[in-house]
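**Student:** What follows is work.tsv, TSV, C-alpha atoms.
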```
chain	number	residue	atom	x	y	z
A	824	MET	CA	191.80	171.33	172.05
A	825	ALA	CA	188.76	169.17	171.24
A	826	THR	CA	186.66	168.67	168.16
A	827	ASN	CA	182.95	168.05	168.04
A	828	ASP	CA	183.47	164.65	166.46
A	829	PRO	CA	182.02	161.93	168.67
A	830	LEU	CA	184.46	159.59	170.37
A	831	VAL	CA	183.79	155.95	169.55
A	832	TYR	CA	185.72	153.12	171.18
A	833	ASP	CA	185.36	149.44	170.42
A	834	ASP	CA	184.29	147.51	173.54
A	835	ALA	CA	186.94	144.86	172.86
A	836	HIS	CA	189.64	147.55	172.82
A	837	ILE	CA	188.47	149.00	176.17
A	838	ARG	CA	188.21	145.49	177.66
A	839	ARG	CA	191.77	144.63	176.54
A	840	ILE	CA	193.08	147.80	178.18
A	841	LEU	CA	191.27	147.08	181.45
A	842	GLU	CA	192.51	143.46	181.44
A	843	ARG	CA	196.11	144.42	180.63
A	844	VAL	CA	196.48	147.29	183.10
A	845	LYS	CA	197.57	146.43	186.65
A	846	THR	CA	198.76	149.80	187.97
A	847	ILE	CA	197.05	153.18	187.59
A	848	ALA	CA	198.43	156.63	188.38
A	849	MET	CA	195.36	158.72	189.17
A	850	VAL	CA	196.32	162.35	188.45
A	851	GLY	CA	193.95	164.64	190.33
A	852	ALA	CA	193.00	162.09	192.98
A	853	SER	CA	190.98	163.69	195.77
A	854	ALA	CA	190.89	162.93	199.48
A	855	ASN	CA	187.27	164.17	199.53
A	856	ASP	CA	185.09	161.06	199.70
A	857	MET	CA	182.32	162.85	197.79
A	858	ARG	CA	184.46	163.47	194.68
A	859	PRO	CA	184.28	161.17	191.62
A	860	SER	CA	188.03	160.43	191.75
A	861	TYR	CA	187.65	159.06	195.29
A	862	PHE	CA	184.83	156.70	194.22
A	863	ALA	CA	186.77	155.64	191.13
A	864	MET	CA	189.88	154.95	193.22
A	865	LEU	CA	187.88	152.93	195.75
A	866	TYR	CA	186.14	150.90	193.06
A	867	LEU	CA	189.22	150.22	190.93
A	868	ARG	CA	191.31	149.31	193.97
A	869	ASN	CA	188.61	146.82	195.00
A	870	LYS	CA	188.84	145.29	191.51
A	871	GLY	CA	192.52	144.53	192.05
A	872	TYR	CA	194.25	147.51	190.46
A	873	ARG	CA	197.15	149.13	192.29
A	874	ILE	CA	196.41	152.85	192.45
A	875	PHE	CA	198.99	155.61	192.83
A	876	PRO	CA	197.19	158.85	193.75
A	877	VAL	CA	198.92	161.90	192.23
A	878	ASN	CA	198.09	165.34	193.61
A	879	PRO	CA	200.76	167.90	194.56
A	880	ARG	CA	198.46	169.50	197.16
A	881	HIS	CA	198.26	166.22	199.11
A	882	ALA	CA	201.78	164.87	198.43
A	883	GLY	CA	203.08	162.75	201.29
A	884	LYS	CA	199.62	162.20	202.77
A	885	GLU	CA	197.43	159.16	202.17
A	886	ILE	CA	194.20	158.56	200.29
A	887	LEU	CA	192.54	155.21	201.02
A	888	GLY	CA	195.79	154.03	202.58
A	889	GLU	CA	197.90	154.86	199.52
A	890	THR	CA	200.69	157.46	199.61
A	891	VAL	CA	199.95	160.51	197.46
A	892	TYR	CA	202.71	161.57	195.05
A	893	PRO	CA	203.33	165.09	193.70
A	894	ASP	CA	203.85	163.98	190.07
A	895	LEU	CA	204.34	160.95	187.85
A	896	ALA	CA	208.14	161.14	188.04
A	897	SER	CA	207.96	160.56	191.82
A	898	LEU	CA	206.11	157.23	191.59
A	899	PRO	CA	207.93	154.14	192.89
A	900	GLU	CA	207.27	152.31	189.60
A	901	VAL	CA	206.07	153.05	186.08
A	902	PRO	CA	202.27	152.90	185.98
A	903	ASP	CA	200.58	150.95	183.22
A	904	MET	CA	197.94	153.67	182.91
A	905	VAL	CA	197.73	157.37	183.70
A	906	GLN	CA	194.17	158.40	184.47
A	907	ILE	CA	193.55	162.15	184.17
A	908	PHE	CA	191.06	163.71	186.59
A	909	ARG	CA	191.92	167.30	185.59
A	910	ARG	CA	190.40	169.86	183.23
A	911	SER	CA	190.93	169.29	179.51
A	912	GLU	CA	193.32	172.22	179.16
A	913	GLU	CA	195.58	170.63	181.80
A	914	ALA	CA	195.93	167.36	179.87
A	915	PRO	CA	198.92	168.18	177.59
A	916	PRO	CA	201.64	168.42	180.27
A	917	ILE	CA	200.25	165.32	182.01
A	918	VAL	CA	200.32	163.41	178.71
A	919	GLU	CA	203.89	164.56	178.09
A	920	GLU	CA	204.88	163.36	181.56
A	921	ALA	CA	203.10	160.02	180.97
A	922	ILE	CA	205.13	159.57	177.78
A	923	ARG	CA	208.38	160.47	179.61
A	924	VAL	CA	207.83	157.99	182.46
A	925	GLY	CA	206.90	155.15	180.07
A	926	ALA	CA	203.19	154.62	180.72
A	927	LYS	CA	201.34	152.49	178.17
A	928	VAL	CA	197.86	154.05	178.43
A	929	VAL	CA	196.50	157.57	178.91
A	930	TRP	CA	192.88	157.63	180.04
A	931	MET	CA	191.08	160.97	180.25
A	932	GLN	CA	188.10	160.96	182.60
A	933	LEU	CA	184.50	161.81	181.66
A	934	GLY	CA	184.37	165.35	180.30
A	935	VAL	CA	188.12	165.45	179.64
A	936	ARG	CA	189.18	165.61	176.02
A	937	HIS	CA	192.25	167.05	174.35
A	938	ASP	CA	192.70	165.80	170.79
A	939	GLU	CA	196.19	167.23	170.25
A	940	ALA	CA	197.52	165.66	173.48
A	941	ALA	CA	195.86	162.38	172.53
A	942	GLU	CA	197.51	162.42	169.11
A	943	LYS	CA	200.90	163.07	170.71
A	944	ALA	CA	200.37	160.09	173.04
A	945	ARG	CA	199.31	157.83	170.15
A	946	ALA	CA	202.36	158.92	168.15
A	947	ALA	CA	204.51	157.85	171.12
A	948	GLY	CA	202.83	154.40	171.09
A	949	LEU	CA	200.37	154.84	173.97
A	950	ASP	CA	196.74	153.74	173.90
A	951	VAL	CA	194.39	156.67	174.53
A	952	VAL	CA	190.85	156.81	175.85
A	953	MET	CA	189.09	160.14	176.32
A	954	ASP	CA	185.82	161.21	177.92
A	955	ARG	CA	185.25	157.84	179.58
A	956	CYS	CA	185.43	156.53	183.15
A	957	PRO	CA	187.32	153.27	183.73
A	958	LYS	CA	185.07	152.53	186.73
A	959	ILE	CA	181.96	152.80	184.56
A	960	GLU	CA	183.54	150.92	181.66
A	961	TYR	CA	184.74	148.14	183.96
A	962	GLY	CA	181.27	147.77	185.46
A	963	ARG	CA	179.63	147.83	182.05
A	964	LEU	CA	182.01	145.40	180.34
A	965	PHE	CA	182.48	142.96	183.21
A	966	GLY	CA	178.86	142.92	184.42
A	967	GLU	CA	179.45	144.67	187.72
A	968	ILE	CA	177.34	147.80	187.55
A	969	GLY	CA	175.53	148.22	190.84
A	970	TRP	CA	173.57	150.92	192.58
A	971	LEU	CA	175.74	154.07	192.60
A	972	GLY	CA	178.50	152.05	190.91
A	973	VAL	CA	180.13	151.02	194.19
A	974	ASN	CA	179.13	147.97	196.17
A	975	ARG	CA	179.80	148.91	199.78
A	976	ARG	CA	178.57	145.49	200.96
A	977	VAL	CA	175.76	146.90	203.10
A	978	ILE	CA	172.28	145.47	202.80
A	979	SER	CA	169.38	147.22	204.47
A	980	ALA	CA	165.61	147.22	204.21
A	981	LYS	CA	165.49	150.75	205.62
A	982	ARG	CA	164.61	153.55	203.26
A	983	GLY	CA	167.73	155.61	202.73
A	984	ARG	CA	168.08	159.29	203.51
A	985	ALA	CA	170.79	161.45	202.02
A	986	VAL	CA	173.17	162.81	204.63
A	987	GLN	CA	176.20	165.05	204.33
A	988	LEU	CA	179.44	163.46	205.55
A	989	LYS	CA	182.43	165.36	206.81
A	990	GLN	CA	186.00	164.24	207.26
A	991	LYS	CA	187.14	163.58	210.80
A	992	LYS	CA	190.55	162.32	211.80
A	993	GLY	CA	190.29	158.56	211.95
A	994	GLY	CA	187.11	158.26	209.88
A	995	LEU	CA	183.92	159.87	208.74
A	996	THR	CA	181.21	161.40	210.85
A	997	ARG	CA	177.70	162.31	209.89
A	998	ARG	CA	176.55	165.88	210.22
A	999	ALA	CA	173.35	166.31	212.18
A	1000	THR	CA	170.22	166.93	210.15
A	1001	LYS	CA	166.77	168.14	211.13
A	1002	GLY	CA	164.79	165.48	212.92
A	1003	ASP	CA	167.82	163.63	214.30
A	1004	PRO	CA	167.60	162.68	217.99
A	1005	GLU	CA	169.93	164.80	220.12
```
Rewrite the structure from the file as structure tokens, please.

**Tutor:**
Amino acid sequence: MATNDPLVYDDAHIRRILERVKTIAMVGASANDMRPSYFAMLYLRNKGYRIFPVNPRHAGKEILGETVYPDLASLPEVPDMVQIFRRSEEAPPIVEEAIRVGAKVVWMQLGVRHDEAAEKARAAGLDVVMDRCPKIEYGRLFGEIGWLGVNRRVISAKRGRAVQLKQKKGGLTRRATKGDPE
């Protein structure tokens, strides 16, 4: 599945991929706003990428206003890049599907590495990146890294306090914490 050899990617190669790609199929996209895939989708969408969330459990619903698809074959167009937010052992069938639909790039998220699947993608002519996050790489290579990696355009002099958010139809609500006024 994966070797212990370190993965080394040339910055120019990563930059070319991020400049060339316009559409991204995010396999394993989550509707939970506390999950990394949600933050990555929000960030990349704000950078101008068209994101197709792919998650069979949420098919037909929406994440960040985008329709969720059950698989890559159901997408309305061929994505330039397939981003894999699934465990490493789940990568091979996703890579095979990416090859079948005609994607040009397979990008495996941080912690996701499958050398055999990557080799199969390369043999089919796809660019492959493993164990990297396009959100982080974009911020690093294009000078946009900010606090928490997402600029939510809120400026405050108040000291922040971590709060747990919960989903509510029509938006987010904050759960009450000790010390909150009733």

**Student:** Given all atoms listed in the file as the basis, pick out the residue of A:Thr890, A:Glu900, A:Pro915, A:Gly851 nearest to Asn878 of chain A.

**Tutor:** A:Gly851

**Student:** Can you tell me which residues surround segment 856-873 of chain A at a distance of at most 6 Å, considering all atoms listed in the file, apart from same-chain residues fewer than 5 positions away, and format the answer as number ranges by chain?

**Tutor:** A: 845-846, 958

**Student:** When you draw a straight line from atom CA of Val905 of chain A to atom CA of Ser853 of chain A, how long is it in Å?

**Tutor:**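 Separation between atom CA of Val905 of chain A and atom CA of Ser853 of chain A: 15.2 Å.
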
**Student:** Which residues, written as a count of residues only, have at least one atom at most 8 Å from Val928 of chain A, with all atoms listed in the file counted and residues fewer than 5 positions away on the same chain left out?

**Tutor:** 8

**Student:** Just the number, please: distance in Å from atom CA of Arg923 of chain A to atom CA of His937 of chain A, one decimal.

**Tutor:**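 We find that atom CA of Arg923 of chain A and atom CA of His937 of chain A lie 18.2 Å from each other.
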
**Student:** Calculate how many Å separate atom CA of Pro899 of chain A from atom CA of His836 of chain A, rounding to one decimal.

**Tutor:**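 Atom CA of His836 of chain A lies 27.9 Å from atom CA of Pro899 of chain A.
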
**Student:** Within 8 Å of (191.6, 166.2, 184.4) (coordinates as in the file), grab all the protein and nucleic acid residues, counting only C-alpha atoms, and write them out as a PyMOL selection string.

**Tutor:** chain A and resi 850-851+907-911+913-914+931-932+935

**Student:** Which residues are close to Gly948 of chain A, i.e. within 9 Å by all atoms listed in the file, leaving aside same-chain residues fewer than 3 positions away? Reply as a list of chain:residue names.

**Tutor:** A:Ile922, A:Lys927, A:Val928, A:Lys943, A:Ala944, A:Arg945

**Student:** For Cys956 of chain A, which residue among A:Leu895, A:Val918, A:Leu933, A:Arg838 is the nearest when counting all atoms listed in the file?

**Tutor:**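 Looking only at the distances to Cys956 of chain A, the closest residue turns out to be A:Leu933.
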
**Student:** Using all atoms listed in the file, determine which residues lie at most 10 Å from Ala854 of chain A, disregarding the query and same-chain residues fewer than 5 positions distant; provide the list as a compact mmCIF listing (two decimals) with C-alpha atoms, in the coordinates of the input.

**Tutor:**
```txt
# COMPACT_ATOMS: atom_id res chain seq x y z
CA SER A 860 188.03 160.43 191.75
CA TYR A 861 187.65 159.06 195.29
CA PRO A 876 197.19 158.85 193.75
CA ASN A 878 198.09 165.34 193.61
CA HIS A 881 198.26 166.22 199.11
CA LYS A 884 199.62 162.20 202.77
CA GLU A 885 197.43 159.16 202.17
CA ILE A 886 194.20 158.56 200.29
CA LEU A 887 192.54 155.21 201.02
CA VAL A 891 199.95 160.51 197.46
CA GLN A 990 186.00 164.24 207.26
```
